[in-house]
>>> print(open('input24.cif').read())   # mmCIF, C-alpha atoms
data_protein
loop_
_atom_site.label_atom_id
_atom_site.label_comp_id
_atom_site.auth_asym_id
_atom_site.auth_seq_id
_atom_site.Cartn_x
_atom_site.Cartn_y
_atom_site.Cartn_z
CA MET A 17 28.85 -20.60 -21.38
CA ASP A 18 31.20 -23.47 -20.48
CA TYR A 19 33.19 -21.13 -18.23
CA LEU A 20 30.15 -19.84 -16.35
CA PRO A 21 30.42 -20.77 -12.64
CA VAL A 22 27.62 -22.95 -11.31
CA GLU A 23 26.95 -20.33 -8.62
CA VAL A 24 26.14 -17.79 -11.35
CA ILE A 25 23.92 -20.34 -13.09
CA GLY A 26 22.04 -20.85 -9.83
CA ASN A 27 21.57 -17.09 -9.58
CA ILE A 28 20.26 -16.91 -13.16
CA LEU A 29 17.78 -19.72 -12.51
CA SER A 30 16.63 -17.99 -9.30
CA ARG A 31 15.74 -14.88 -11.27
CA LEU A 32 13.43 -16.90 -13.53
CA GLY A 33 11.13 -17.38 -10.57
CA GLY A 34 8.52 -19.79 -11.94
CA ALA A 35 9.21 -23.45 -11.14
CA ARG A 36 8.27 -24.59 -14.67
CA ASP A 37 10.78 -22.20 -16.29
CA VAL A 38 13.47 -23.18 -13.79
CA VAL A 39 13.06 -26.90 -14.46
CA ILE A 40 13.08 -26.42 -18.25
CA ALA A 41 16.17 -24.19 -18.16
CA SER A 42 18.02 -26.57 -15.82
CA ALA A 43 17.65 -29.36 -18.41
CA THR A 44 20.04 -27.51 -20.74
CA CYS A 45 23.03 -29.55 -19.63
CA ARG A 46 24.65 -31.24 -16.65
CA LYS A 47 26.20 -28.00 -15.40
CA TRP A 48 22.88 -26.19 -15.36
CA ARG A 49 21.36 -29.18 -13.59
CA GLU A 50 24.04 -28.83 -10.92
CA GLY A 51 23.28 -25.11 -10.61
CA TYR A 52 19.64 -25.98 -10.05
CA ARG A 53 20.32 -28.64 -7.43
CA LYS A 54 23.05 -26.92 -5.42
CA HIS A 55 22.74 -23.17 -5.95
CA LEU A 56 19.09 -22.35 -6.66
CA GLN A 57 17.98 -19.63 -4.23
CA SER A 58 14.27 -19.11 -4.98
CA LEU A 59 11.38 -21.08 -6.41
CA THR A 60 7.78 -20.12 -7.21
CA PHE A 61 4.67 -22.26 -7.75
CA ASN A 62 1.69 -20.14 -8.81
CA SER A 63 -1.45 -21.58 -10.34
CA ALA A 64 -2.09 -18.26 -12.11
CA ASP A 65 1.23 -18.39 -13.99
CA TRP A 66 0.71 -21.74 -15.68
CA PRO A 67 -2.80 -23.03 -16.55
CA PHE A 68 -1.41 -26.58 -16.73
CA TYR A 69 -1.47 -26.65 -12.93
CA ARG A 70 -5.27 -26.58 -13.03
CA ASP A 71 -5.37 -29.64 -15.30
CA LEU A 72 -3.53 -31.80 -12.78
CA THR A 73 -5.18 -33.75 -10.01
CA THR A 74 -4.29 -32.65 -6.49
CA ASN A 75 -2.29 -35.83 -5.92
CA ARG A 76 -0.28 -35.34 -9.13
CA LEU A 77 0.34 -31.72 -8.29
CA GLU A 78 1.61 -32.63 -4.84
CA ILE A 79 4.06 -35.13 -6.39
CA LEU A 80 5.28 -32.57 -8.94
CA ILE A 81 5.92 -29.88 -6.31
CA THR A 82 7.55 -32.39 -3.95
CA GLN A 83 9.96 -33.65 -6.63
CA THR A 84 10.89 -30.11 -7.65
CA ILE A 85 11.56 -28.90 -4.10
CA PHE A 86 13.38 -32.01 -2.91
CA GLN A 87 15.94 -31.76 -5.72
CA THR A 88 17.16 -28.42 -4.38
CA THR A 89 19.46 -27.64 -1.49
CA GLY A 90 19.61 -24.31 0.32
CA LEU A 91 16.46 -22.59 -0.96
CA GLN A 92 16.18 -19.08 0.50
CA GLY A 93 12.91 -18.07 -1.14
CA LEU A 94 9.81 -20.24 -1.61
CA SER A 95 6.45 -19.11 -2.95
CA ILE A 96 3.50 -21.49 -3.18
CA VAL A 97 0.30 -19.77 -4.30
CA MET A 98 -2.52 -22.08 -5.33
CA ASP A 99 -6.15 -21.23 -6.02
CA ASP A 100 -8.99 -22.80 -4.06
CA ALA A 101 -9.54 -25.54 -6.64
CA ASN A 102 -7.13 -27.81 -4.75
CA LYS A 103 -6.97 -28.87 -1.13
CA PHE A 104 -3.59 -30.38 -0.33
CA SER A 105 -2.61 -32.95 2.22
CA ALA A 106 -1.30 -31.29 5.38
CA GLY A 107 1.42 -33.94 5.69
CA THR A 108 2.76 -33.23 2.20
CA VAL A 109 2.81 -29.46 2.71
CA MET A 110 4.52 -29.88 6.07
CA ALA A 111 7.20 -31.96 4.35
CA TRP A 112 7.91 -29.10 1.90
CA LEU A 113 8.26 -26.62 4.75
CA MET A 114 10.30 -28.90 7.00
CA TYR A 115 12.70 -29.62 4.13
CA THR A 116 13.37 -25.95 3.40
CA ARG A 117 12.90 -24.16 6.72
CA ASP A 118 16.54 -24.25 7.88
CA THR A 119 17.68 -22.03 4.99
CA LEU A 120 14.45 -20.22 4.12
CA ARG A 121 14.53 -16.41 4.27
CA ARG A 122 11.33 -15.60 2.32
CA LEU A 123 8.07 -17.59 2.34
CA SER A 124 4.88 -16.76 0.46
CA TYR A 125 2.19 -19.28 1.37
CA ASN A 126 -1.35 -19.48 0.01
CA VAL A 127 -2.29 -23.16 0.18
CA ARG A 128 -5.49 -24.72 1.43
CA THR A 129 -4.88 -27.92 3.37
CA THR A 130 -6.85 -30.51 5.31
CA PRO A 131 -6.32 -30.07 8.21
CA ASN A 132 -4.81 -26.58 8.57
CA VAL A 133 -1.01 -26.35 8.69
CA ASN A 134 0.48 -24.34 11.57
CA ILE A 135 3.02 -22.21 9.70
CA LEU A 136 4.11 -20.42 12.86
CA GLU A 137 5.05 -23.66 14.59
CA ILE A 138 6.98 -25.04 11.61
CA CYS A 139 8.84 -21.88 10.60
CA GLY A 140 9.28 -20.31 14.02
CA ARG A 141 12.72 -19.86 15.56
CA GLN A 142 14.34 -20.08 12.14
CA LYS A 143 15.99 -17.55 9.78
CA LEU A 144 12.79 -16.37 8.09
CA GLU A 145 12.89 -12.65 7.22
CA ASP A 146 9.80 -12.22 5.01
CA LEU A 147 6.50 -14.05 5.58
CA VAL A 148 3.39 -13.69 3.38
CA LEU A 149 0.32 -15.68 4.46
CA ALA A 150 -3.04 -15.76 2.67
CA HIS A 151 -6.30 -17.68 3.15
CA ASN A 152 -5.07 -19.29 6.33
CA SER A 153 -6.04 -19.38 9.98
CA ILE A 154 -3.88 -18.60 12.98
CA THR A 155 -4.87 -19.73 16.46
CA GLY A 156 -3.27 -20.14 19.85
CA VAL A 157 -0.18 -17.97 19.38
CA GLU A 158 2.06 -18.54 22.39
CA PRO A 159 3.37 -15.48 24.26
CA SER A 160 6.91 -16.50 23.36
CA PHE A 161 9.32 -13.65 22.81
CA GLN A 162 11.46 -13.85 19.65
CA ARG A 163 9.61 -16.75 18.05
CA PHE A 164 10.62 -15.07 14.78
CA PRO A 165 13.98 -13.51 15.70
CA CYS A 166 14.86 -12.51 12.11
CA LEU A 167 11.45 -11.60 10.64
CA ARG A 168 11.37 -8.09 9.15
CA SER A 169 8.25 -8.22 6.95
CA LEU A 170 4.85 -9.80 7.69
CA SER A 171 1.82 -9.84 5.38
CA LEU A 172 -1.52 -11.40 6.31
CA SER A 173 -4.32 -11.49 3.71
CA TYR A 174 -7.73 -13.09 4.28
CA VAL A 175 -6.40 -14.69 7.43
CA SER A 176 -8.56 -15.65 10.39
CA ILE A 177 -6.98 -14.53 13.66
CA SER A 178 -8.05 -13.11 17.01
CA ALA A 179 -7.04 -9.66 18.18
CA LEU A 180 -5.00 -11.20 21.01
CA ASP A 181 -3.16 -13.62 18.70
CA LEU A 182 -2.36 -10.79 16.28
CA ASN A 183 -0.81 -8.73 19.06
CA LEU A 184 1.13 -11.74 20.36
CA LEU A 185 2.37 -12.53 16.86
CA LEU A 186 3.63 -8.99 16.37
CA SER A 187 5.33 -9.10 19.76
CA ALA A 188 7.11 -12.31 18.73
CA CYS A 189 8.90 -10.41 15.94
CA PRO A 190 11.48 -8.15 17.65
CA LEU A 191 12.97 -6.89 14.35
CA ILE A 192 9.80 -6.42 12.28
CA GLU A 193 9.76 -3.30 10.09
CA SER A 194 6.89 -3.89 7.63
CA LEU A 195 3.32 -5.02 8.36
CA GLU A 196 0.48 -5.59 5.87
CA LEU A 197 -3.01 -6.58 6.99
CA VAL A 198 -5.58 -7.21 4.23
CA SER A 199 -9.21 -8.22 4.82
CA LEU A 200 -8.55 -10.01 8.10
CA GLU A 201 -11.27 -12.09 9.69
CA ILE A 202 -11.00 -11.01 13.30
CA ALA A 203 -12.30 -13.59 15.76
CA MET A 204 -14.74 -11.75 18.04
CA SER A 205 -14.67 -12.29 21.79
CA ASP A 206 -17.31 -9.65 22.52
CA ALA A 207 -19.66 -7.26 20.75
CA GLN A 208 -16.98 -4.59 20.32
CA VAL A 209 -13.97 -5.48 18.18
CA THR A 210 -10.83 -3.72 19.37
CA ILE A 211 -7.27 -4.26 18.22
CA GLU A 212 -4.27 -2.91 20.07
CA LEU A 213 -0.89 -3.50 18.45
CA SER A 214 2.50 -2.44 19.69
CA SER A 215 5.95 -2.61 18.09
CA PRO A 216 9.01 -0.41 18.68
CA THR A 217 10.57 -1.37 15.33
CA LEU A 218 7.70 -1.05 12.81
CA LYS A 219 8.45 1.45 10.01
CA SER A 220 5.87 0.67 7.31
CA VAL A 221 2.20 -0.26 7.89
CA TYR A 222 -0.51 -1.01 5.32
CA PHE A 223 -4.14 -1.80 6.20
CA ASP A 224 -6.71 -2.78 3.56
CA GLY A 225 -10.32 -3.86 4.04
CA ILE A 226 -10.22 -3.68 7.85
CA SER A 227 -13.53 -3.14 9.68
CA LEU A 228 -13.29 -2.58 13.43
CA ASP A 229 -14.66 -0.51 16.27
CA LYS A 230 -11.29 0.56 17.66
CA PHE A 231 -7.76 0.24 16.32
CA ILE A 232 -4.89 1.51 18.44
CA LEU A 233 -1.37 1.21 17.04
CA GLU A 234 1.70 2.04 19.09
CA ALA A 235 4.77 2.25 16.85
CA ASP A 236 7.70 4.37 17.99
CA SER A 237 9.59 4.12 14.68
CA ILE A 238 6.79 4.26 12.11
CA GLU A 239 7.51 6.23 8.93
CA PHE A 240 4.81 5.08 6.47
CA LEU A 241 1.10 4.49 7.13
CA HIS A 242 -1.41 3.64 4.38
CA MET A 243 -5.03 2.79 5.11
CA LYS A 244 -7.36 1.69 2.29
CA ASP A 245 -11.03 0.67 2.20
CA CYS A 246 -11.25 0.60 5.99
CA VAL A 247 -14.27 1.25 8.23
CA LEU A 248 -13.36 2.26 11.78
CA GLU A 249 -14.96 4.11 14.64
CA LEU A 250 -11.62 5.06 16.16
CA PHE A 251 -8.05 4.91 14.92
CA GLU A 252 -5.23 6.16 17.10
CA LEU A 253 -1.53 6.15 16.28
CA ILE A 254 0.86 6.49 19.20
CA GLY A 255 4.53 7.14 18.50
CA ASN A 256 7.53 9.42 18.72
CA GLY A 257 6.89 11.80 15.82
CA THR A 258 8.62 9.68 13.17
CA LEU A 259 5.72 9.38 10.69
CA LYS A 260 6.71 10.76 7.26
CA HIS A 261 4.11 9.43 4.80
CA PHE A 262 0.42 9.28 5.69
CA LYS A 263 -2.14 8.03 3.15
CA LEU A 264 -5.90 7.50 3.42
CA ASP A 265 -7.73 5.91 0.50
CA ASP A 266 -11.50 5.49 0.74
CA VAL A 267 -11.53 5.25 4.54
CA SER A 268 -14.44 5.85 6.90
CA VAL A 269 -13.35 6.75 10.42
CA ILE A 270 -15.28 8.75 13.03
CA LEU A 271 -12.32 9.62 15.26
CA LEU A 272 -8.85 9.79 13.72
CA ASP A 273 -5.85 10.72 15.85
CA ILE A 274 -2.27 10.76 14.55
CA MET A 275 -1.35 14.12 16.12
CA GLU A 276 1.26 12.65 18.42
CA THR A 277 3.29 11.34 15.46
CA SER A 278 2.71 14.09 12.88
CA GLU A 279 5.59 16.49 13.43
CA SER A 280 7.84 14.82 10.83
CA LEU A 281 5.20 14.40 8.11
CA GLU A 282 6.48 14.96 4.58
CA VAL A 283 3.56 13.52 2.56
CA VAL A 284 -0.18 13.61 3.34
CA ASP A 285 -2.32 11.89 0.70
CA VAL A 286 -6.09 11.73 1.29
CA ASN A 287 -8.53 10.29 -1.25
CA HIS A 288 -12.31 9.71 -0.92
CA PHE A 289 -12.53 10.81 2.69
CA THR A 290 -15.09 12.73 4.76
CA MET A 291 -13.35 15.27 6.97
CA VAL A 292 -13.85 18.13 9.37
CA TRP A 293 -11.20 20.46 7.95
CA PRO A 294 -10.31 22.41 11.14
CA LYS A 295 -9.73 19.17 13.05
CA PHE A 296 -7.80 17.57 10.20
CA TYR A 297 -5.65 20.66 9.77
CA GLN A 298 -4.93 20.77 13.48
CA MET A 299 -3.88 17.11 13.36
CA ILE A 300 -1.25 17.66 10.63
CA SER A 301 -0.31 21.29 11.41
CA ARG A 302 2.58 20.31 13.66
CA SER A 303 4.58 19.26 10.62
CA GLN A 304 7.01 21.89 9.35
CA LYS A 305 8.49 19.48 6.80
CA LEU A 306 5.38 18.78 4.69
CA ARG A 307 6.35 18.65 1.02
CA LYS A 308 3.27 17.08 -0.58
CA LEU A 309 -0.37 17.60 0.36
CA ARG A 310 -3.08 15.79 -1.61
CA LEU A 311 -6.74 16.24 -0.70
CA TRP A 312 -8.65 14.49 -3.48
CA ASP A 313 -12.40 13.90 -3.71
CA VAL A 314 -12.78 14.91 -0.09
CA VAL A 315 -16.23 15.54 1.37
CA PHE A 316 -16.87 17.88 4.27
CA ASP A 317 -18.91 16.94 7.29
CA ASP A 318 -20.48 20.41 7.18
CA ASP A 319 -21.93 21.70 3.90
CA ASP A 320 -20.57 25.19 4.58
CA GLU A 321 -17.05 23.96 5.30
CA ILE A 322 -14.08 24.68 3.02
CA ILE A 323 -10.35 24.06 2.76
CA ASP A 324 -8.70 27.26 3.86
CA LEU A 325 -5.85 27.97 1.44
CA GLU A 326 -4.42 30.66 3.69
CA SER A 327 -3.86 28.15 6.51
CA ILE A 328 -2.12 25.79 4.09
CA ALA A 329 0.17 28.53 2.76
CA ALA A 330 1.00 29.87 6.21
CA GLY A 331 1.35 26.50 7.94
CA PHE A 332 3.36 24.51 5.39
CA SER A 333 6.11 26.74 4.04
CA GLN A 334 8.09 23.78 2.62
CA LEU A 335 5.20 22.55 0.46
CA THR A 336 6.28 21.78 -3.14
CA HIS A 337 3.38 19.64 -4.42
CA LEU A 338 -0.27 20.55 -3.85
CA SER A 339 -3.25 18.52 -5.10
CA LEU A 340 -6.84 19.64 -4.48
CA SER A 341 -10.17 18.25 -5.70
CA TYR A 342 -13.50 18.80 -4.00
CA ASP A 343 -16.97 20.17 -4.64
CA LEU A 344 -16.65 23.93 -5.14
CA LYS A 345 -19.53 26.12 -4.02
CA ASP A 346 -19.74 29.80 -4.93
CA GLY A 347 -19.46 31.41 -1.52
CA ALA A 348 -17.27 28.75 0.03
CA ALA A 349 -14.79 28.83 -2.87
CA HIS A 350 -14.44 32.63 -2.53
CA TYR A 351 -13.87 32.35 1.22
CA SER A 352 -11.28 29.60 0.79
CA LEU A 353 -9.15 31.93 -1.38
CA GLN A 354 -9.04 34.79 1.10
CA GLY A 355 -5.63 35.88 2.32
CA THR A 356 -2.38 36.91 0.66
CA THR A 357 0.23 34.37 1.80
CA GLN A 358 1.89 32.78 -1.22
CA LEU A 359 2.87 29.17 -1.76
CA VAL A 360 6.37 30.15 -2.82
CA ASN A 361 7.84 26.64 -2.95
CA VAL A 362 4.99 24.90 -4.79
CA THR A 363 6.25 23.74 -8.20
CA VAL A 364 3.55 21.15 -9.02
CA LEU A 365 -0.16 21.92 -8.74
CA GLU A 366 -2.92 19.36 -9.40
CA LEU A 367 -6.53 20.50 -9.50
CA GLY A 368 -9.69 18.49 -10.11
CA TRP A 369 -13.41 19.07 -10.45
CA THR A 370 -16.61 17.12 -10.22
CA VAL A 371 -18.77 19.76 -11.93
CA ILE A 372 -17.51 22.24 -14.54
CA ASN A 373 -18.53 25.81 -13.72
CA ASP A 374 -17.20 29.37 -13.63
CA VAL A 375 -16.14 28.94 -10.01
CA PHE A 376 -13.53 26.38 -10.97
CA SER A 377 -11.91 28.75 -13.50
CA ILE A 378 -11.72 31.50 -10.86
CA TRP A 379 -10.28 29.01 -8.37
CA VAL A 380 -7.57 27.92 -10.84
CA GLU A 381 -6.63 31.53 -11.58
CA GLU A 382 -6.28 32.46 -7.92
CA LEU A 383 -4.20 29.38 -7.15
CA LEU A 384 -1.87 30.20 -10.03
CA ARG A 385 -1.43 33.69 -8.62
CA ARG A 386 -0.57 32.27 -5.21
CA CYS A 387 2.12 29.94 -6.65
CA PRO A 388 4.75 32.30 -8.18
CA ASN A 389 7.33 29.54 -8.78
CA LEU A 390 4.97 26.99 -10.30
CA LYS A 391 6.44 24.78 -13.04
CA LYS A 392 3.65 22.30 -13.76
CA LEU A 393 -0.15 22.44 -13.66
CA ILE A 394 -2.29 19.30 -14.10
CA ILE A 395 -6.07 19.67 -14.41
CA TYR A 396 -8.26 16.61 -13.87
CA GLY A 397 -11.90 16.47 -14.92
CA VAL A 398 -14.84 14.15 -15.35
CA VAL A 399 -16.67 14.29 -18.68
CA SER A 400 -20.04 12.58 -18.99
CA GLU A 401 -20.40 9.96 -21.73
CA THR A 402 -23.82 11.36 -22.64
CA LYS A 403 -23.00 15.01 -23.37
CA THR A 404 -25.74 17.48 -24.21
CA GLN A 405 -25.15 20.55 -26.35
CA GLY A 406 -25.01 22.58 -23.13
CA ASP A 407 -22.34 20.32 -21.64
CA CYS A 408 -20.18 20.70 -24.75
CA GLN A 409 -20.56 24.46 -24.63
CA ILE A 410 -19.55 24.61 -20.97
CA LEU A 411 -16.48 22.44 -21.65
CA ALA A 412 -15.52 24.60 -24.63
CA THR A 413 -15.89 27.78 -22.59
CA PHE A 414 -13.83 26.33 -19.75
CA THR A 415 -11.05 25.20 -22.12
CA TRP A 416 -10.98 28.65 -23.74
CA SER A 417 -10.74 30.38 -20.36
CA ILE A 418 -7.84 28.15 -19.30
CA VAL A 419 -6.02 28.80 -22.60
CA GLN A 420 -6.48 32.55 -22.10
CA LEU A 421 -5.32 32.28 -18.51
CA MET A 422 -2.18 30.29 -19.32
CA ARG A 423 -0.99 33.00 -21.71
CA LYS A 424 -0.07 34.89 -18.56
CA TYR A 425 1.92 31.88 -17.31
CA ILE A 426 3.86 30.71 -20.35
CA HIS A 427 6.59 29.29 -18.12
CA VAL A 428 4.14 26.74 -16.63
CA GLU A 429 3.67 23.33 -18.27
CA VAL A 430 -0.03 22.45 -18.49
CA GLN A 431 -1.61 18.99 -18.74
CA PHE A 432 -5.27 17.96 -18.95
CA GLU A 433 -6.47 14.56 -17.71
CA TYR A 434 -10.13 13.76 -18.44
CA GLU A 435 -12.05 10.61 -17.57
#
>>> encode(input="input24.cif", output="C-alpha cells")
Amino acid sequence: MDYLPVEVIGNILSRLGGARDVVIASATCRKWREGYRKHLQSLTFNSADWPFYRDLTTNRLEILITQTIFQTTGLQGLSIVMDDANKFSAGTVMAWLMYTRDTLRRLSYNVRTTPNVNILEICGRQKLEDLVLAHNSITGVEPSFQRFPCLRSLSLSYVSISALDLNLLLSACPLIESLELVSLEIAMSDAQVTIELSSPTLKSVYFDGISLDKFILEADSIEFLHMKDCVLELFELIGNGTLKHFKLDDVSVILLDIMETSESLEVVDVNHFTMVWPKFYQMISRSQKLRKLRLWDVVFDDDDEIIDLESIAAGFSQLTHLSLSYDLKDGAAHYSLQGTTQLVNVTVLELGWTVINDVFSIWVEELLRRCPNLKKLIIYGVVSETKTQGDCQILATFTWSIVQLMRKYIHVEVQFEYE
C-alpha cells in the first residue's frame, strides 16, 4: 500500500462514487488524503444514498458540500442529486459549478435553488461532454453555435423548456450523439404544441412521457430510437436510413412515419401499441437486415385485422428472433398462418397469450413447423389469481398439448413464463 501511486489512489476513490465514502476513505492516511485532493476525478452527492443528508439543515448541507468540493482539484465528474426537501442558495450552487467547470466532463444536476441557476450560461463553452439536468427550467437559449462544443450526451428530465429553446439547445451541440427527454414541460406558445428538432450527429434518442401534437425529428445519423409512455398525434423521423434499433413501449400515436430511415433496421420492438398492420408492415418492410421482431400485446385498429406470418417470413429473411403476443381469434388466427414460406433463420421464438384456448395451441404448432432451425421456445402466459376448476382444467389441457407437441421437437429448448 505504501508503494501505491497517488494517481492510482485518486482513481480508486473516484470509483467509490459517493462523497461520504470518498471522504471516509481519504482519511486513511496522508497519502490517501493527497490522492483525494489532487487526483480525485468524480464525486457524487445523492440524498437517496445517505439518509443523514435529510437530517441536515439546508445551510449545513451547503457548507458540507462546499467544503468537500473545494478540497478537490481537477474534478471531471460531478453529480449533485437532492430531493425537493431542500432549496439551496443560487449563489452557493453557482460557486460549486464555477469552481469545477474548467475541468468538468460529466455533470448530473438535480438541485432546486432560489432563484433558478442558469446551467447553460455557467457550463457553456467549456469541456463538458455529458450533461444530465432534472427538475430545472431552461429559458432564453441564445442561437449561439457551438455553445457546448464537446457535449456528446444530453438528458433532460422534468425540465421546463419551450420548443424553440429545445431546438436551439440541440443546435448548440455540434457533436451530440445521445439525447434523452423525460416528462418535459413544454412551454406553449399556441394551442398546438409542435416540436421540430434537427441534428446531423445524433445516434441514440430516448423519449419518455412526452405528450405533443406533432414531433418531427431530423437526424441523419440516428441508430437507436426508443419511445415510452408517449402520446402523440404525429411523429415523423427524417434521416438517411441509418436507424438500426426501433422500440415503442406503451405509445399512442395516430400517424407514425419512420419509413425514410427504416432500410437498415435490425431490431423492431413494439409493446402495448395499437397498430394498423398493413401500414406498419409497409413502414418497416424496406429493411432487409431485420434480425429481431417483437410485437407484444399489440392491439389492432380493426377487429378483423391480423399479423400476416407469410409477409414476415417472405419479407425478413434474416430474422433470427421472433416474439409475438396478441389476442388470437379463431378465423383470424387461421388466416394469419396461411402460406408456406419458412422462417429458416429463426432460432428463438417467444409466444404469449392473454386467454388460454385451443387456438393458441394450434398457433404454436404451426409456428414450430415454420421454424425448422429453432433452438429455443419461450411461452408466456397470464394465470388468474382466482382460478376456477374450469380454468385449472384448461391450463392442464394446454400444458399436456404442449408436452405432446414438443416430443416432435426434442432438439428445441422450452421455457414457460407465467405471471
>>> residues_around(input="input24.cif", residues="region 225-233 of chain A", least_positions_apart="3", cutoff="7 Å", atoms="all atoms listed in the file", output="ChimeraX atom specification")
/A:198-200,208-214,244-254
>>> atom_distance(input="input24.cif", atom1="CA of Lys308 (chain A)", atom2="CA of Val286 (chain A)")
10.9 Å
>>> closest_residue(input="input24.cif", among="A:Ser187, A:Lys260, A:Thr60, A:Val157", to="Ser124 (chain A)", atoms="all atoms listed in the file")
A:Thr60
>>> resolve_selection(input="input24.cif", expression="the PyMOL selection byres ((chain A and resi 240) around 6)", output="ChimeraX atom specification")
/A:220,239,241,261
>>> atom_distance(input="input24.cif", atom1="CA of Phe432 (chain A)", atom2="CA of Gly355 (chain A)")
27.8 Å
>>> atom_distance(input="input24.cif", atom1="CA of Leu340 (chain A)", atom2="CA of Asp313 (chain A)")
8.0 Å
>>> residues_near_point(input="input24.cif", point="(0.9, 9.8, 19.7)", cutoff="12 Å", atoms="only C-alpha atoms", output="count of residues only")
25
>>> residues_near_point(input="input24.cif", point="(-12.1, 24.7, -21.7)", cutoff="12 Å", atoms="all atoms listed in the file", output="list in words")
Ile372, Asn373, Asp374, Phe376, Ser377, Ile395, Tyr396, Gly397, Val399, Asp407, Cys408, Gln409, Ile410, Leu411, Ala412, Thr413, Phe414, Thr415, Trp416, Ser417, Ile418, Val419, Gln420, Leu421, Met422, Phe432 and Tyr434 of chain A
>>> resolve_selection(input="input24.cif", expression="the PyMOL selection byres ((chain A and resi 146) around 7)", output="PyMOL selection string")
chain A and resi 121-123+144-145+147-148+167-170
>>> residues_around(input="input24.cif", residues="Ser58 (chain A)", least_positions_apart="5", cutoff="8 Å", atoms="all atoms listed in the file", output="number ranges by chain")
A: 30-31, 33, 91-94
>>> residues_around(input="input24.cif", residues="Ala188 (chain A)", least_positions_apart="6", cutoff="10 Å", atoms="all atoms listed in the file", output="compact mmCIF listing (two decimals) with C-alpha atoms, in the frame of the given file")
# COMPACT_ATOMS: atom_id res chain seq x y z
CA GLY A 140 9.28 -20.31 14.02
CA ARG A 141 12.72 -19.86 15.56
CA VAL A 157 -0.18 -17.97 19.38
CA GLU A 158 2.06 -18.54 22.39
CA PRO A 159 3.37 -15.48 24.26
CA SER A 160 6.91 -16.50 23.36
CA PHE A 161 9.32 -13.65 22.81
CA GLN A 162 11.46 -13.85 19.65
CA ARG A 163 9.61 -16.75 18.05
CA PHE A 164 10.62 -15.07 14.78
CA PRO A 165 13.98 -13.51 15.70
CA LEU A 167 11.45 -11.60 10.64
CA LEU A 182 -2.36 -10.79 16.28
CA SER A 215 5.95 -2.61 18.09
>>> resolve_selection(input="input24.cif", expression="the PyMOL selection byres ((chain A and resi 89) around 7)", output="ChimeraX atom specification")
/A:53-54,87-88,90-91
>>> closest_residue(input="input24.cif", among="A:Cys387, A:Leu184, A:Arg310, A:Tyr297", to="Ile322 (chain A)", atoms="only C-alpha atoms")
A:Tyr297
>>> residues_around(input="input24.cif", residues="Lys103 (chain A)", least_positions_apart="6", cutoff="7 Å", atoms="only C-alpha atoms", output="list in words")
Arg128, Thr129 and Thr130 of chain A
>>> closest_residue(input="input24.cif", among="A:Val22, A:Glu78, A:Glu201, A:Tyr115", to="Ala150 (chain A)", atoms="all atoms listed in the file")
A:Glu201
>>> axis_aligned_box(input="input24.cif", around="region 27-36 of chain A", padding_each_side="5 Å", output="lines of an AutoDock Vina configuration file")
center_x = 14.9
center_y = -19.7
center_z = -12.0
size_x = 23.3
size_y = 19.7
size_z = 15.4
>>> residues_around(input="input24.cif", residues="Gly107 (chain A)", least_positions_apart="2", cutoff="10 Å", atoms="all atoms listed in the file", output="list of chain:residue names")
A:Phe104, A:Ser105, A:Val109, A:Met110, A:Ala111, A:Trp112, A:Thr129, A:Thr130, A:Pro131, A:Val133
>>> closest_residue(input="input24.cif", among="A:Met98, A:Val127, A:Leu149, A:Leu384", to="Pro67 (chain A)", atoms="all atoms listed in the file")
A:Met98
